[in-house]
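What follows is a set of notes on a single structure, which appears directly below.
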Amino acid sequence: MISIKDLSKVFHTKDQDVTAVDHLDLNIEAGEIYGVIGYSGAGKSTFIRLLNRLENPTGGSITIDGQEITSLSKNKLRLARQEIGMIFQHFNLLWSRTVRDNIAFPLEIAGVPKEKRQARVMELIELVGLKGRENAYPSQLSGGQKQRVGIARALANNPKVLLCDEATSALDPETTDSILDLLVDINEKLGLTIIMITHEMHVIRKICHRVAVMENGKVVEEGEVLNVFLHPEQAVTKKFVDQVMGDPDQEYSLALIHERYRSGKVLRLHFVGESTNQALISELSRKFKLDLNILHGKITQTQKGAYGTLFVHVEGDHDEIEKAKTYIKQTSVEVEVIPNVQ
Ligand SMILES: Nc1ncnc2c1ncn2[C@@H]1O[C@H](COP(=O)(O)OP(=O)(O)OP(=O)(O)O)[C@@H](O)[C@H]1O
């Protein structure tokens with residue numbers, strides 16, 4: 001659906017050249033919600049603005065749905081942009097226009113006749129849950145409602161792709177979740193491809209199927225969200241995962257575990273995907289002569305299933321513990337014995 005090859009953007013400023021996007025390659029499938037995460041200055045905003053050519057690249061190519069965006073003339077670009085909706089952190093609404101007229105704006109520009117326009121606007125208002133607020137002005141709306149207007153406006157011309165630039169960063173956590181739910185709903189209903197730029201791992205965890213981690217203009221890590229959560233490779237990715245999960249080793253210090261549990265063993269169980277729903281702990285205590293005690297843990301939900309870590313203290317015969325470990329290894333749960341506990 002979207003193919004990005006060797007994409008670069010260098011800004012020439014008075015003092016220096018800044019490489020905001022550095023030889024970036026990426027492929028995004030039709031219908032997926034693709035997240036791009038990175039700290040401030042990583043190049044995310046520049047990257048997303050290159051996708052609809054709000055910025056022109058210094059090098060490389062972008063192909064969206066078979067059309068090479070990077071080589072389009074101005075006129076053709078205007079048409080191509082109707083296929084690429086965009087929403088912004090600060091909504092970018094027209095303050096002197098009502099909700100209805102904000103949403104109608106891109107339809108006016110596209111030359112859609114008045115009657116068709118009105119019908120389409122009502123459809124969109126229904127879709128984003130703003131029925132009854134058609135005549136309100138942006139200043140009369142909450143942040144979440146403003147973003148709903150932004151989403152409706154971005155969808156007006158039936159785009160194939162929706163670009164979201166920090167779309168929930170100005171919202172409180174509850175409103176963030178309701179907007180993310182709306183985006184998932186739209187993705188499923190319309191089969192829309194969504195690209196999310198964010199610095200919040202919560203956003204990635206909650207709605208994205210795949211994620212790319214950006215640092216210094218480059219993609220340093222990429223993959224399915226669940227896999228990236230489970231096996232983060234780069235230091236920057238680990239930091240983002242800790243944003244959501246905390247670092248279990250740090251939160252429940254291993255030294256403390258060693259001090260408290262001088263007998264038995266402490267197991268660290270990694271749950272991935274479906275297995276998290278199995279009642280593994282109660283199964284273990286039923287099947288083996290063991291006393292099990294959950295010490296600490298955190299399980300979180302991603303679009304492709306749950307994932308998390310549990311620390312469990314196990315008291316019992318050496319052989320029974322070994323049998324239990326073998327049993328766990330036959331499931332999709334990964335097990336590890338915390339060293340130095342006698
Ligand atoms: N118009 C510009 N002129 C010069 N430098 C720019 C311009 N736009 C961005 N940059 C520089 O490019 C780099 C990447 O910026 P960009 O805004 O894309 O990063 P970001 O990851 O989106 O961060 P933020 O979330 O803070 O916007 C930064 O060093 C920034 O200063």
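Every chain in the structure tokens takes a letter, A first, then B, and so on in the order presented; its residues are numbered from 1, and the ligands are numbered from 1 following the presented order.
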(request) Select from stretch 160-317 of chain A everything DSSP, run on the backbone, classes as strand (DSSP E or B), then give the selection as number ranges by chain. (result) A: 161-165, 193-198, 210-215, 218-224, 265-272, 291-302, 305-315
Could you write out the selected residues, including C-alpha atoms, as an mmCIF file, in the first residue's frame?
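For reference, selection-v2.cif as written:
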```
data_model
loop_
_atom_site.group_PDB
_atom_site.id
_atom_site.type_symbol
_atom_site.label_atom_id
_atom_site.label_comp_id
_atom_site.auth_asym_id
_atom_site.auth_seq_id
_atom_site.Cartn_x
_atom_site.Cartn_y
_atom_site.Cartn_z
ATOM 1 C CA VAL A 161 -4.880 6.670 4.160
ATOM 2 C CA LEU A 162 -5.209 8.650 7.380
ATOM 3 C CA LEU A 163 -2.099 10.332 8.778
ATOM 4 C CA CYS A 164 -2.241 11.152 12.506
ATOM 5 C CA ASP A 165 0.401 13.542 13.825
ATOM 6 C CA THR A 193 -4.833 2.458 6.465
ATOM 7 C CA ILE A 194 -3.778 4.578 9.455
ATOM 8 C CA ILE A 195 -0.310 5.917 10.242
ATOM 9 C CA MET A 196 0.141 7.205 13.783
ATOM 10 C CA ILE A 197 3.040 9.384 14.831
ATOM 11 C CA THR A 198 3.443 9.506 18.607
ATOM 12 C CA ARG A 210 2.987 -2.768 13.719
ATOM 13 C CA VAL A 211 5.426 -0.157 14.928
ATOM 14 C CA ALA A 212 8.629 1.527 13.782
ATOM 15 C CA VAL A 213 10.919 3.173 16.319
ATOM 16 C CA MET A 214 12.665 6.303 15.015
ATOM 17 C CA GLU A 215 15.879 7.827 16.287
ATOM 18 C CA LYS A 218 16.309 6.532 11.025
ATOM 19 C CA VAL A 219 14.079 3.548 11.766
ATOM 20 C CA VAL A 220 16.134 1.668 14.371
ATOM 21 C CA GLU A 221 13.620 -1.092 15.081
ATOM 22 C CA GLU A 222 10.433 -2.322 13.456
ATOM 23 C CA GLY A 223 7.900 -5.114 13.783
ATOM 24 C CA GLU A 224 4.623 -6.399 15.170
ATOM 25 C CA LYS A 265 12.476 -20.837 43.695
ATOM 26 C CA VAL A 266 11.314 -17.635 42.096
ATOM 27 C CA LEU A 267 10.186 -17.992 38.499
ATOM 28 C CA ARG A 268 9.778 -15.216 35.994
ATOM 29 C CA LEU A 269 6.988 -16.075 33.567
ATOM 30 C CA HIS A 270 6.634 -14.234 30.268
ATOM 31 C CA PHE A 271 3.110 -14.432 28.879
ATOM 32 C CA VAL A 272 2.606 -13.793 25.193
ATOM 33 C CA ASP A 291 2.730 -23.938 46.782
ATOM 34 C CA LEU A 292 2.607 -21.000 44.425
ATOM 35 C CA ASN A 293 2.532 -17.382 45.359
ATOM 36 C CA ILE A 294 2.299 -14.539 42.826
ATOM 37 C CA LEU A 295 4.770 -11.863 43.931
ATOM 38 C CA HIS A 296 4.446 -9.208 41.316
ATOM 39 C CA GLY A 297 3.542 -8.728 37.701
ATOM 40 C CA LYS A 298 1.936 -6.764 34.984
ATOM 41 C CA ILE A 299 -0.060 -7.974 32.008
ATOM 42 C CA THR A 300 -1.114 -5.597 29.264
ATOM 43 C CA GLN A 301 -3.326 -5.879 26.209
ATOM 44 C CA THR A 302 -2.175 -5.135 22.637
ATOM 45 C CA GLY A 305 -3.200 -10.275 22.268
ATOM 46 C CA ALA A 306 -1.960 -9.801 25.794
ATOM 47 C CA TYR A 307 1.590 -9.817 27.043
ATOM 48 C CA GLY A 308 3.326 -9.421 30.372
ATOM 49 C CA THR A 309 5.538 -10.767 33.125
ATOM 50 C CA LEU A 310 4.697 -12.447 36.421
ATOM 51 C CA PHE A 311 7.088 -13.250 39.255
ATOM 52 C CA VAL A 312 5.956 -16.378 41.096
ATOM 53 C CA HIS A 313 7.457 -17.949 44.222
ATOM 54 C CA VAL A 314 7.334 -21.758 44.141
ATOM 55 C CA GLU A 315 7.792 -23.928 47.215
#
```
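All residues of stretch 23-92 of chain A that DSSP, run on the backbone, classes as alpha helix (DSSP H) are Lys44, Ser45, Thr46, Phe47, Ile48, Arg49, Leu50, Leu51, Lys74, Asn75, Lys76, Leu77, Arg78, Leu79, Ala80 and Arg81 of chain A.
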(request) Set the cut-off to 6 Å, count only C-alpha atoms and all ligand atoms, and list whatever residues fall near ligand 1 as a list of chain:residue names. (result) A:Phe11, A:Thr13, A:Val18, A:Ala20, A:Gly38, A:Tyr39, A:Ser40, A:Gly41, A:Ala42, A:Gly43, A:Lys44, A:Ser45, A:Thr46
(message) I'd like to know which of A:Lys323, A:Cys208, A:Arg97, A:Ile338 is closest to A:Leu183, using only C-alpha atoms.
(response)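 Counting only C-alpha atoms, the residue closest to A:Leu183 is A:Cys208.
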(message) So that I can see what lies close to A:Gly191, please list as a list in words the residues with an atom at most 9 Å from it, counting only C-alpha atoms and leaving out residues fewer than 3 positions away in the same chain.
(response)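 Near neighbours after the sequence-gap exclusion: Ala30, Gly31, Glu32, Lys160, Ile186, Asn187 and Glu188 of chain A.
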So that I have them on file, write out the residues from the current selection with C-alpha atoms, as a PDB file, in the first residue's frame.
```pdb
ATOM      1  CA  ALA A  30      -3.302  -1.774   3.282  1.00  0.00           C
ATOM      2  CA  GLY A  31      -5.726  -1.678   6.215  1.00  0.00           C
ATOM      3  CA  GLU A  32      -3.142  -1.720   8.986  1.00  0.00           C
ATOM      4  CA  LYS A 160      -7.421   5.549   1.591  1.00  0.00           C
ATOM      5  CA  ILE A 186     -12.946   3.583  11.570  1.00  0.00           C
ATOM      6  CA  ASN A 187     -10.053   1.305  10.612  1.00  0.00           C
ATOM      7  CA  GLU A 188     -12.294  -1.752  10.929  1.00  0.00           C
TER       8      GLU A 188
END
```
(message) So, with only C-alpha atoms as the atoms that count, which of A:Thr58, A:Gln89, A:Thr168, A:Gln303 lies closest to A:Asp17?
(response)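 Of A:Thr58, A:Gln89, A:Thr168, A:Gln303, the one nearest A:Asp17, counting only C-alpha atoms, is A:Thr58.
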(request) Pick out the closest residue to A:Ala136 from this set: A:Met122, A:Leu190, A:Ile151, A:Val99. Count only C-alpha atoms. (result)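 For A:Ala136, the nearest of the candidates is A:Val99.
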Tell me which protein, DNA and RNA residues are within 12 Å of A:Asn157, counting only C-alpha atoms, leaving out same-chain ones fewer than 5 positions away, and put them as a compact mmCIF listing (two decimals) with C-alpha atoms, in the first residue's frame.
```
# COMPACT_ATOMS: atom_id res chain seq x y z
CA LEU A 79 -5.93 15.22 -6.37
CA ALA A 80 -3.68 12.65 -4.68
CA ARG A 81 -4.02 14.55 -1.39
CA GLN A 82 -7.76 13.86 -1.40
CA GLU A 83 -6.81 10.22 -0.87
CA ILE A 84 -4.65 11.09 2.14
CA GLY A 85 -6.45 12.56 5.17
CA MET A 86 -4.53 14.08 8.05
CA ILE A 103 -16.41 19.12 7.90
CA ALA A 104 -17.91 20.46 4.66
CA PHE A 105 -14.78 22.49 3.87
CA PRO A 106 -12.74 19.79 2.03
CA LEU A 107 -15.90 18.82 0.12
CA GLU A 108 -16.34 22.42 -1.02
CA ILE A 109 -12.74 22.49 -2.22
CA ALA A 110 -13.26 19.20 -4.07
CA GLY A 111 -16.29 20.76 -5.82
CA VAL A 112 -18.92 18.42 -4.37
CA LYS A 116 -24.37 15.72 -1.75
CA ARG A 117 -22.16 17.69 0.61
CA ARG A 120 -22.00 13.39 3.41
CA VAL A 121 -21.48 15.77 6.34
CA LEU A 124 -19.58 11.81 8.93
CA ILE A 151 -11.26 13.14 12.00
CA ALA A 152 -14.60 13.73 10.20
CA LEU A 162 -5.21 8.65 7.38
```
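The smallest atom-to-atom distance between A:Tyr137 and any of A:Arg205, A:Arg100, A:His12, A:Lys114, using only C-alpha atoms, is found for A:Arg100.
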(request) Measure the distance from atom CA of A:Asp319 to atom CA of A:Arg286 in Å and round it to one decimal. (result)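 Atom-to-atom, atom CA of A:Asp319 to atom CA of A:Arg286, that is 15.8 Å.
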